[in-house]
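Asker: Just dropping this structure here.
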Amino acid sequence: MKSNGLPSSVIAMMALFSACLPAHGQVPVVTYDLVIHGGRVIDPETGLDAIRDVGITGNTIAAVSTEKLHGKRILDAGGLIVSPGFIDLHQHGQEPEDYRLKAFDGVTSALEMEIGARDISTYLSERSGGALINYGATANYDAARATAFHTPVPQGEILPHAGPGTNDPATPEQIQQIESILREQIHAGALGVGMGIQYVPGANHAEVIQIFQLAASYHLPVYTHVRSAGAIDPGSVEAVGEVIAAAAVTGASLHVVHINSSCLKLAPLCLQMVAGARARGLDVTTEAYPYIAGMTQINAALFNPGWQEKFGITYHDLALPDTGERLTRERFEQLHADPKPQTVLLFMNDETTVDNDIRNPLVMIASDGVRGHPREAGTYCRILARYVREQRSLTLSDAVRKMSLMPAQRLAASTPVGARKGRIQPGADADIVVFDLTTVTDHSTYGHPDETSTGMRYVLVQGVPIIEDGKLLSNKLPGKSITATPH
């Protein structure tokens, strides 16, 4: 049978197709894998601050809508804040327990950029398929230098102990070996070069410039702990000037870590130097954490003779994180001479200085996280609780920008992944936190540094909830590696 010259089978198919079409003027209903419904969405790049639904397909944000979206799963975010997951560019602890603490603090990507990983290939393979949150690292210049001096960094540590590998100048042959090691790490996926210059005082200015040239040749940034701190020359100003100059003459991008603890009371001047460099076209960024104490290894070269005068502190300003013991000269000398690694807290700063650093528009947030210091577990919720809710010295949008978009933009110098993070927009990675601004709180202290933060209702990594209703889900390990492809 035919109608208008068409076979009956074709007519039947056309009728079935017509029945499946939506009525005139209607839009087909899209069902997302997951929908975050009715939350106050903060997107720091576009300035969005409004009630929206967020639709997620796979590991990607597919829609941000004023209309109610349909999903296979619905997470109710009514009365809650929906923001990009926080990106910590300076997280030393890289083990499962560290990632757990970071997740409760709203961190969805924890990267070891200041010093870096000793071996990138091993670092990445050990975490592949088994990480709670996203991870990545720079190439470790300090470890490469120690290897060139035949004094390798001890297993399980990231910094060399004080000795020839830290205090002596490198020969041209040793610098060549350092560069060879760093090139190998870069080709394995390192996100840049991590330089703890203060931990290798034997490195002269020429050596620093050569390492910056290496990074620049791959179009990768240098993340640096600057050479010195304090007001005594050569101090903070000279140290920041050294790396800005190295960036200027090589063209390398530069990130100055923890400007709060590197510059102390001179931080306002150091931040002016960063602003001046940026105004003249240099790609220079910086970070701070919201605590008055730093922490490092007591047998590092940072404690070479003269450290008290340089930092403006005494033995009593040092404390052991596990016991709270304040040190005496005798106790310090005992621990400093012991080859066994021992971390120590350094109380060098004050609340007013740190608060001013945090509020500066150029400063992004990074924790310098390591077990034994409250910044490991509480940095990001402390920003929300102290600066947004209590002091009201930061707007919510500014705080979110400092913790997500700014580090994502810094990361974009290393990898295209940076352009997909730190945003709540269609096409962005679905690394998302949903929290209660009225209750979000850090609980970690110097006496109890591993207390988890509270207030994160939901945390999503790669579109997968790892925290629901404030509780960590078991057997969820969606974290992915973030690596660079060298040019």
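To be explicit about the labels: the chains of the structure tokens are called A, B, and onward in the order shown, and within each one the residues are counted from 1, while ligands get numbers from 1 in the order they are shown.
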Fewer than 2 positions away in the same chain doesn't count, so skip those; otherwise give me all residues within 12 Å of Val41 (chain A), counting only C-alpha atoms, as a ChimeraX atom specification.
Answerer: /A:36-39,43-44,46-54,64-66,77-84,396-397,400,423-425,432-435
Asker: Within 9 Å of region 178-193 of chain A, which residues of region 378-448 of chain A show up? Give each one with its shortest atom-to-atom distance in Å (one decimal) and the two atoms involved, counting only C-alpha atoms, rows by chain then rising residue number, as JSON lines.
Answerer:
```
{"residue": "A:Leu411", "atom": "CA", "partner": "A:Leu191", "partner_atom": "CA", "distance": 8.0}
{"residue": "A:Ala413", "atom": "CA", "partner": "A:Leu191", "partner_atom": "CA", "distance": 8.8}
{"residue": "A:Ser414", "atom": "CA", "partner": "A:Leu191", "partner_atom": "CA", "distance": 5.5}
{"residue": "A:Thr415", "atom": "CA", "partner": "A:Leu191", "partner_atom": "CA", "distance": 7.5}
```
Asker: Measuring between only C-alpha atoms, which one of A:Met295, A:Arg401, A:Tyr387, A:Pro341 shows the shortest distance to His373 (chain A)?
Answerer: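 Under the stated criterion, the closest residue is A:Met295.
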Asker: Quick one: residues within 6 Å of region 132-145 of chain A, only C-alpha atoms counted, chain neighbours fewer than 6 positions away excluded, as a PyMOL selection string?
Answerer: chain A and resi 108-113+115-118+153+178+185+190-195+477-482
Asker: Please dump the current selection as a short mmCIF file (atom, residue, chain, number, x, y, z; two decimals), in the first residue's frame; keep N, CA and C atoms.
Answerer:
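The new file selection_26.cif reads:
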```
data_model
loop_
_atom_site.label_atom_id
_atom_site.label_comp_id
_atom_site.auth_asym_id
_atom_site.auth_seq_id
_atom_site.Cartn_x
_atom_site.Cartn_y
_atom_site.Cartn_z
N THR A 108 39.57 20.61 46.20
CA THR A 108 39.36 19.54 45.22
C THR A 108 40.61 19.24 44.40
N SER A 109 41.61 20.13 44.46
CA SER A 109 42.90 19.89 43.81
C SER A 109 44.01 20.34 44.75
N ALA A 110 44.90 19.41 45.13
CA ALA A 110 45.99 19.72 46.06
C ALA A 110 47.31 19.45 45.35
N LEU A 111 48.06 20.51 45.07
CA LEU A 111 49.25 20.41 44.24
C LEU A 111 50.50 20.78 45.01
N GLU A 112 51.56 20.02 44.81
CA GLU A 112 52.85 20.27 45.47
C GLU A 112 53.72 21.08 44.52
N MET A 113 53.63 22.42 44.63
CA MET A 113 54.29 23.28 43.66
C MET A 113 55.50 24.03 44.23
N ILE A 115 58.07 23.10 46.34
CA ILE A 115 59.29 22.31 46.27
C ILE A 115 59.19 21.26 45.17
N GLY A 116 58.04 20.61 45.08
CA GLY A 116 57.82 19.64 44.02
C GLY A 116 58.08 18.21 44.46
N ALA A 117 57.84 17.31 43.54
CA ALA A 117 58.06 15.88 43.79
C ALA A 117 59.48 15.49 43.39
N ARG A 118 60.07 14.57 44.15
CA ARG A 118 61.43 14.12 43.85
C ARG A 118 61.49 13.41 42.51
N VAL A 153 68.34 13.67 48.74
CA VAL A 153 67.35 13.89 49.78
C VAL A 153 66.92 12.53 50.34
N ILE A 178 71.96 19.14 37.19
CA ILE A 178 70.69 19.62 37.75
C ILE A 178 69.68 19.85 36.63
N GLN A 185 62.17 15.43 34.57
CA GLN A 185 60.95 15.58 35.35
C GLN A 185 59.88 16.35 34.58
N ALA A 190 55.77 17.31 35.00
CA ALA A 190 55.87 18.34 36.04
C ALA A 190 55.21 19.64 35.58
N LEU A 191 54.57 20.33 36.52
CA LEU A 191 53.81 21.54 36.22
C LEU A 191 54.66 22.80 36.28
N GLY A 192 55.94 22.66 36.31
CA GLY A 192 56.86 23.78 36.42
C GLY A 192 58.07 23.34 37.22
N VAL A 193 58.82 24.32 37.71
CA VAL A 193 59.99 24.03 38.55
C VAL A 193 59.75 24.63 39.93
N GLY A 194 59.91 23.81 40.96
CA GLY A 194 59.81 24.28 42.34
C GLY A 194 61.20 24.55 42.90
N MET A 195 61.42 25.78 43.38
CA MET A 195 62.75 26.18 43.87
C MET A 195 62.65 26.70 45.30
N LEU A 477 37.13 7.46 44.81
CA LEU A 477 38.49 7.94 44.56
C LEU A 477 38.57 8.52 43.14
N PRO A 478 37.87 9.64 42.90
CA PRO A 478 37.79 10.16 41.53
C PRO A 478 38.91 11.10 41.13
N GLY A 479 39.86 11.39 42.06
CA GLY A 479 40.90 12.36 41.77
C GLY A 479 41.75 11.98 40.56
N LYS A 480 42.09 12.99 39.75
CA LYS A 480 42.88 12.77 38.55
C LYS A 480 44.19 13.56 38.64
N SER A 481 45.18 13.11 37.91
CA SER A 481 46.45 13.84 37.85
C SER A 481 46.28 15.09 37.00
N ILE A 482 46.98 16.14 37.40
CA ILE A 482 47.07 17.36 36.60
C ILE A 482 48.53 17.48 36.18
#
```
Asker: Between CA of Ile298 (chain A) and CA of Leu335 (chain A), measure the distance and give it in Å to one decimal.
Answerer: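 Between CA of Ile298 (chain A) and CA of Leu335 (chain A) the gap works out to 6.9 Å.
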Asker: Of the candidates A:Val200, A:Val461, A:Val249, A:Leu394, which one gets nearest to Asp357 (chain A) if we count only C-alpha atoms?
Answerer: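 Counting only C-alpha atoms, the residue closest to Asp357 (chain A) is A:Leu394.
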